[in-house]
Structure formats: structure tokens, C-alpha cells
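Everything on this sheet refers to the single structure shown next.
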Amino acid sequence: MDDLFETLPRHTCSWIKALSIPTKGKGAYYKYEGFWNFRILLEGAILAQRTFKAQPSDVFLCSSPKAGTTWLKALAFAIVTRKQFDAASSPLLTTFPHDCVHYLESGLEQINENHKNSDFPLVATHLPYASLPKSVVDSDCKIVYIYRNIKDVLVSHYCYMIEVAKLQVEDVPFEVVFDEFCQGISWYGPYWDHILGYWKASQERPGRILFLKYEDMKMDTTSNVKRLAEFIGYPFSIEEEKTGMVESIIKLCSFDNLSNLEVNKNGNYRPEKIGAVANRHLFRKGKDGDWKNYFTDEMEKKMNKLVDEKLIGIDLVLK
Ligand code: PAP
């Protein structure tokens with residue numbers, strides 16, 4: 001793989017530059033198939049591209065980082081496991097959502113194990129559509145894509161990196177990350193191209209890709225959770241609706257509930273692979289509109305213009 005990485009465009013991101021400890025080259029982004037990412041995740045993606053065998057019954061949960069993945073994973077997992085576990089016995093009470101539904105590019109072994117041993121065909125990925133293993137597209141399995149207001153994605157990502165890298169805001173000013181992001185340089189970025197890839201695929205494969213928007217899910221969680229359940233093939237029965245199953249899943253997966261569980265307050269994620277990340281960093285505020293606390297008027301105008309230019313003719317609201 002070294003040969004390949006030597007040929008790829010490389011960028012050392014701003015928070016890595018700000019770190020006082022040496023990163024031994026691990027903090028660089030590489031541009032692979034049009035998108036920026038860390039080498040370790042690209043290696044995982046390439047391995048998945050070469051070896052992963054999707055089943056037609058798989059459901060892929062796809063997103064850019066910070067667009068609402070943790071919430072989507074929790075909801076989809078609660079929906080497909082509801083016959084086995086009620087809200088009082090759900091594994092989500094003691095297991096981090098990312099350990100309930102694994103990422104293709106970093107949890108391939110567990111996904112392959114699940115294919116053999118489980119009835120829950122959920123697989124998550126942040127990979128862009130063009131980088132999905134061919135078997136995913138060929139199997140015609142269903143894809144759920146969650147997206148979110150571009151400004152909140154950027155702020156969520158910024159706050160996450162500051163926390164995870166244990167930096168101060170002064171070490172990496174928001175303006176610097178904003179400029180990088182607008183140039184398309186972000187984790188799995190450009191964000192707009194990520195969305196466009198799935199959007200175009202959804203036009204070519206009608207009925208196979210469901211788009212969910214984080215803000216819509218916040219505003220009307222019930223309808224969106226029902227749409228999700230229906231789409232992934234686990235619709236709620238009338239009886240379940242009458243007995244409050246939908247509400248109970250929504251409550252179980254709510255930000256307030258998940259963020260206050262011991263596992264999500266004090267647990268760690270993937271200690272051996274990429275270094276420990278505290279689970280609590282995935283539960284920051286869980287609100288829309290926090291970008292207003294970070295963006296200047298000028299940044300807002302620049303971002304709006306960028307979105308208008310990049311997503312011309314696309315029926316998705318990103319700002
Ligand atoms: P990931 O892609 O790295 O897994 P992801 O889960 O997509 O991250 O995004 C994290 C955001 O989702 C955080 O947003 P914030 O920084 O603006 O607060 C996090 O708070 C929010 N989040 C996590 N769980 C939930 C939930 N159950 N309901 C609503 N928002 C949530």
C-alpha cells in the first residue's frame with residue numbers, strides 16, 4: 001500500500017499541525033477517489049473494496065461524519081432488534097451505538113462475523129458512494145443516507161477535533177478550519193460532493209436510497225422513524241403503534257437518554273485501533289443551529305454562496 005499512498009495528494013490538517021506531540025505522519029489526510037481521509041481509514045476502505053461481500057438484505061447506513069450517524073445507528077438498531085429486546089433490555093443501554101453497528105472501513109471483521117451470526121444486516125460507512133465496494137452496488141441492497149446543515153456539520157466536527165486532540169480553541173482558530181472546509185478539505189470531504197454522490201445514485205436507483213435530514217428528524221422524529229422502519233423492511237404494525245413502540249424507541253435513542261448512560265459518559269471507543277476516543281465526544285449538544293455561535297456574517301454569506309454553487313439543481317436544503 002505504501003506505493004499507492006506515495007502517489008496520493010496529501011494535506012496535513014490544521015489541528016494536527018497544532019499538536020505538540022509527534023504524530024509520525026498519521027495525522028495527514030490523503031485524497032483517494034476524490035475524497036480526503038486518514039490513511040488508516042483508507043486502508044480499511046481499500047480492504048473492504050477488495051473483499052467485502054454485501055448481501056442483498058444488508059442495509060447500509062451512510063453519512064458524512066457529524067451528520068447524525070450515531071443517532072441513525074441507534075434508531076436503526078433499536079428498530080431491527082425490537083422483537084428481541086424492549087427498551088428496558090436493549091443492548092443500547094450498555095453498548096455504544098458505534099459498537100452496535102460497525103463501520104465498514106474500520107470494523108470489517110465484526111461485520112463479516114455479523115453476516116454469519118446475526119439476523120441484523122446493518123452496516124455503516126462514511127465512505128462516499130463512489131468508493132463503496134462494488135458488491136454493495138451490485139447487490140442492490142438498501143442505503144439510508146443522513147445529511148445535515150453544512151454549517152452545523154462543520155461546527156460539530158471542529159468541536160470534536162478540538163476535544164479529541166485535547167487542543168485549545170486558540171491553537172486552531174475556527175477561521176482556519178472554515179477555510180480548509182470551504183476548499184473541500186475535511187474528513188471524508190468535500191462534504192457537498194459526498195452528498196451529491198449519494199443524491200445522483202438515488203436518482204439512478206429509485207426506491208433503494210432513503211435520504212433523511214438531521215433537522216427534519218429533530219422536528220418530526222415520529223414520522224421520520226416510521227419512514228426509516230418502513231424503508232429498511234421493519235415497519236411498525238398498527239398494534240405496535242397503539243402500544244407506544246415508536247415513542248419508546250424514540251425515547252431510548254434520544255440525545256438526553258443516550259448521552260446520560262454510563263457507557264456513553266465514561267466508555268471509550270476502539271481503544272486499540274486508532275487510539276481511544278471517549279464515547280462522550282459523540283454526544284456534544286445534539287441541537288440545530290449551534291453554527292450561529294461560531295460563524296461571522298461574512299462566513300455565513302460565503303458558505304451560502306458555496307452551497308448554492310455546488311448543489312445547483314439539487315433538491316436538498318443544506319444551509
Ligand atoms: P460520527 O459521524 O463521528 O459518528 P455523528 O454521530 O454523525 O458523528 O455526529 C455527532 C453529532 O450528532 C453531534 O452533534 P453536535 O456536535 O452538534 O452536538 C452529537 O451531539 C449528535 N448526536 C449524537 N447522538 C444524537 C442523538 N441521539 N440525537 C441527536 N443528536 C445526536
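Here's how to read the names in the C-alpha cells: chain A, B, ... by the order shown, residue numbers from 1 in each chain, ligand numbers from 1 in the order shown.
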Item to complete: Counting only C-alpha atoms and all ligand atoms, name the residues that have an atom within 6 Å of an atom of ligand 1; the answer should be given as an NGL selection string.
Response: :A and (65-71 or 156 or 253-255 or 282-287)
Contact check, segment 21-82 of chain A to segment 189-210 of chain A, at most 9 Å, counting only C-alpha atoms, closest pairs as CSV:
residue,atom,partner,partner_atom,distance
A:Gly34,CA,A:Pro190,CA,8.3
A:Phe35,CA,A:Gly189,CA,5.4
A:Trp36,CA,A:Gly189,CA,5.5
A:Asn37,CA,A:Gly189,CA,7.8
A:Cys62,CA,A:Tyr198,CA,9.0
A:Ser63,CA,A:His194,CA,8.2
A:Ser64,CA,A:Tyr191,CA,6.9
Please, could you write that set of residues out with all heavy atoms as a PDB file, in the first residue's frame?
ATOM      1  N   GLY A  34     -11.152  11.083  -4.911  1.00  0.00           N
ATOM      2  CA  GLY A  34     -11.806  12.396  -4.828  1.00  0.00           C
ATOM      3  C   GLY A  34     -12.139  12.884  -3.434  1.00  0.00           C
ATOM      4  O   GLY A  34     -12.704  13.970  -3.283  1.00  0.00           O
ATOM      5  N   PHE A  35     -11.790  12.108  -2.393  1.00  0.00           N
ATOM      6  CA  PHE A  35     -12.171  12.490  -1.020  1.00  0.00           C
ATOM      7  C   PHE A  35     -10.991  12.365  -0.054  1.00  0.00           C
ATOM      8  O   PHE A  35     -10.161  11.458  -0.196  1.00  0.00           O
ATOM      9  CB  PHE A  35     -13.343  11.614  -0.533  1.00  0.00           C
ATOM     10  CG  PHE A  35     -14.616  11.890  -1.279  1.00  0.00           C
ATOM     11  CD1 PHE A  35     -14.852  11.304  -2.523  1.00  0.00           C
ATOM     12  CD2 PHE A  35     -15.564  12.777  -0.775  1.00  0.00           C
ATOM     13  CE1 PHE A  35     -16.011  11.582  -3.242  1.00  0.00           C
ATOM     14  CE2 PHE A  35     -16.723  13.060  -1.489  1.00  0.00           C
ATOM     15  CZ  PHE A  35     -16.953  12.460  -2.720  1.00  0.00           C
ATOM     16  N   TRP A  36     -10.961  13.279   0.909  1.00  0.00           N
ATOM     17  CA  TRP A  36      -9.861  13.326   1.883  1.00  0.00           C
ATOM     18  C   TRP A  36     -10.136  12.407   3.071  1.00  0.00           C
ATOM     19  O   TRP A  36     -11.265  12.372   3.589  1.00  0.00           O
ATOM     20  CB  TRP A  36      -9.677  14.746   2.414  1.00  0.00           C
ATOM     21  CG  TRP A  36      -9.208  15.718   1.383  1.00  0.00           C
ATOM     22  CD1 TRP A  36      -9.982  16.599   0.686  1.00  0.00           C
ATOM     23  CD2 TRP A  36      -7.861  15.909   0.930  1.00  0.00           C
ATOM     24  NE1 TRP A  36      -9.200  17.333  -0.179  1.00  0.00           N
ATOM     25  CE2 TRP A  36      -7.896  16.934  -0.051  1.00  0.00           C
ATOM     26  CE3 TRP A  36      -6.635  15.315   1.241  1.00  0.00           C
ATOM     27  CZ2 TRP A  36      -6.746  17.380  -0.711  1.00  0.00           C
ATOM     28  CZ3 TRP A  36      -5.492  15.775   0.586  1.00  0.00           C
ATOM     29  CH2 TRP A  36      -5.553  16.789  -0.377  1.00  0.00           C
ATOM     30  N   ASN A  37      -9.079  11.722   3.514  1.00  0.00           N
ATOM     31  CA  ASN A  37      -9.263  10.860   4.693  1.00  0.00           C
ATOM     32  C   ASN A  37      -7.913  10.469   5.282  1.00  0.00           C
ATOM     33  O   ASN A  37      -6.876  10.619   4.644  1.00  0.00           O
ATOM     34  CB  ASN A  37     -10.038   9.603   4.301  1.00  0.00           C
ATOM     35  CG  ASN A  37     -10.824   9.020   5.461  1.00  0.00           C
ATOM     36  OD1 ASN A  37     -10.555   9.329   6.618  1.00  0.00           O
ATOM     37  ND2 ASN A  37     -11.780   8.181   5.154  1.00  0.00           N
ATOM     38  N   CYS A  62     -25.363   5.318   5.701  1.00  0.00           N
ATOM     39  CA  CYS A  62     -24.260   6.107   5.149  1.00  0.00           C
ATOM     40  C   CYS A  62     -24.390   7.576   5.531  1.00  0.00           C
ATOM     41  O   CYS A  62     -25.507   8.105   5.661  1.00  0.00           O
ATOM     42  CB  CYS A  62     -24.256   5.991   3.627  1.00  0.00           C
ATOM     43  SG  CYS A  62     -24.162   4.277   3.065  1.00  0.00           S
ATOM     44  N   SER A  63     -23.242   8.225   5.672  1.00  0.00           N
ATOM     45  CA  SER A  63     -23.254   9.634   6.085  1.00  0.00           C
ATOM     46  C   SER A  63     -21.852  10.196   6.006  1.00  0.00           C
ATOM     47  O   SER A  63     -20.883   9.450   6.009  1.00  0.00           O
ATOM     48  CB  SER A  63     -23.693   9.740   7.548  1.00  0.00           C
ATOM     49  OG  SER A  63     -22.826   8.943   8.345  1.00  0.00           O
ATOM     50  N   SER A  64     -21.769  11.519   5.996  1.00  0.00           N
ATOM     51  CA  SER A  64     -20.508  12.187   6.313  1.00  0.00           C
ATOM     52  C   SER A  64     -20.398  12.212   7.823  1.00  0.00           C
ATOM     53  O   SER A  64     -21.426  12.219   8.514  1.00  0.00           O
ATOM     54  CB  SER A  64     -20.538  13.632   5.821  1.00  0.00           C
ATOM     55  OG  SER A  64     -20.201  13.705   4.480  1.00  0.00           O
TER      56      SER A  64
END
Fill in: Residue set, segment 64-131 of chain A restricted to alpha helix (DSSP H), as a count of residues only
26
Practice prompt. Can you check which residues of segment 63-295 of chain A DSSP gives as strand (DSSP E or B) on the backbone and send them as a PyMOL selection string?
Written response: chain A and resi 63+103+122-125+142-147+209-213+268-269+277-278
Worksheet item: What is the distance between atom CA of Leu8 of chain A and atom CA of Tyr30 of chain A, in Å to one decimal?
Response: 6.1 Å
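By chain and then residue number, the residues within 8 Å of Asp58 of chain A are Pro121, Leu122, Val123, Cys141 and Lys142 of chain A, counting only C-alpha atoms and disregarding those fewer than 5 positions away in sequence.
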Once you count only C-alpha atoms, what closest atom pair and distance in Å to one decimal does each residue of segment 37-81 of chain A within 6 Å of segment 85-109 of chain A have, with rows by chain and rising residue number, as a Markdown table?
| residue | atom | partner | partner_atom | distance |
| --- | --- | --- | --- | --- |
| A:Leu41 | CA | A:Glu105 | CA | 5.8 |
| A:Gly44 | CA | A:Glu105 | CA | 4.4 |
| A:Ala45 | CA | A:Glu105 | CA | 4.6 |
| A:Ala74 | CA | A:Pro97 | CA | 5.4 |
Worksheet entry | Residue contacts of segment 211-226 of chain A (7 Å, only C-alpha atoms) excluding same-chain residues fewer than 6 positions away, as a PyMOL selection string | chain A and resi 67-68+144-148+235+246+288
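Proximity ranking of A:Ile79, A:Met161, A:Ala278, A:Val177 relative to Tyr234 of chain A places A:Ile79 first, based on only C-alpha atoms.
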Give me, as a PDB file with C-alpha atoms, in the first residue's frame, all polymer residues having an atom no more than 12 Å from Pro173 of chain A, counting only C-alpha atoms and skipping those fewer than 6 positions away in the same chain.
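Below you can see out.pdb, which holds the result:
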ATOM      1  CA  SER A  14      -4.788  22.253  10.919  1.00  0.00           C
ATOM      2  CA  TRP A  15      -5.331  20.506  14.246  1.00  0.00           C
ATOM      3  CA  ALA A  18      -1.261  22.395  16.275  1.00  0.00           C
ATOM      4  CA  VAL A 155     -19.015  23.206  13.874  1.00  0.00           C
ATOM      5  CA  TYR A 158     -14.463  21.396  14.741  1.00  0.00           C
ATOM      6  CA  CYS A 159     -15.550  20.921  18.367  1.00  0.00           C
ATOM      7  CA  MET A 161     -11.414  17.506  16.862  1.00  0.00           C
ATOM      8  CA  ILE A 162     -10.567  20.130  19.491  1.00  0.00           C
ATOM      9  CA  LEU A 167      -6.424  21.333  21.969  1.00  0.00           C
ATOM     10  CA  ASP A 179     -11.173  27.943   5.155  1.00  0.00           C
ATOM     11  CA  GLU A 180      -9.959  24.358   4.800  1.00  0.00           C
ATOM     12  CA  TYR A 294     -19.216  30.311  15.524  1.00  0.00           C
ATOM     13  CA  PHE A 295     -19.921  31.892  12.128  1.00  0.00           C
TER      14      PHE A 295
END
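Residues in contact range of segment 301-318 of chain A, defined as at most 6 Å between only C-alpha atoms, with sequence neighbours fewer than 2 positions away removed, read Asn149, Ile150, Glu298 and Met299 of chain A.
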Could you save those same residues with C-alpha atoms as a compact mmCIF listing (two decimals), in the first residue's frame?
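Below you can see part.txt, which holds the result:
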# COMPACT_ATOMS: atom_id res chain seq x y z
CA ASN A 149 -26.97 21.53 7.67
CA ILE A 150 -23.44 22.11 6.37
CA GLU A 298 -19.14 37.04 6.27
CA MET A 299 -18.62 33.30 6.82
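Comparing the minimum interatomic distances between Val176 of chain A and each of A:Arg82, A:Cys13, A:Asp3, A:Asn257, counting only C-alpha atoms, we find that A:Cys13 sits nearest.
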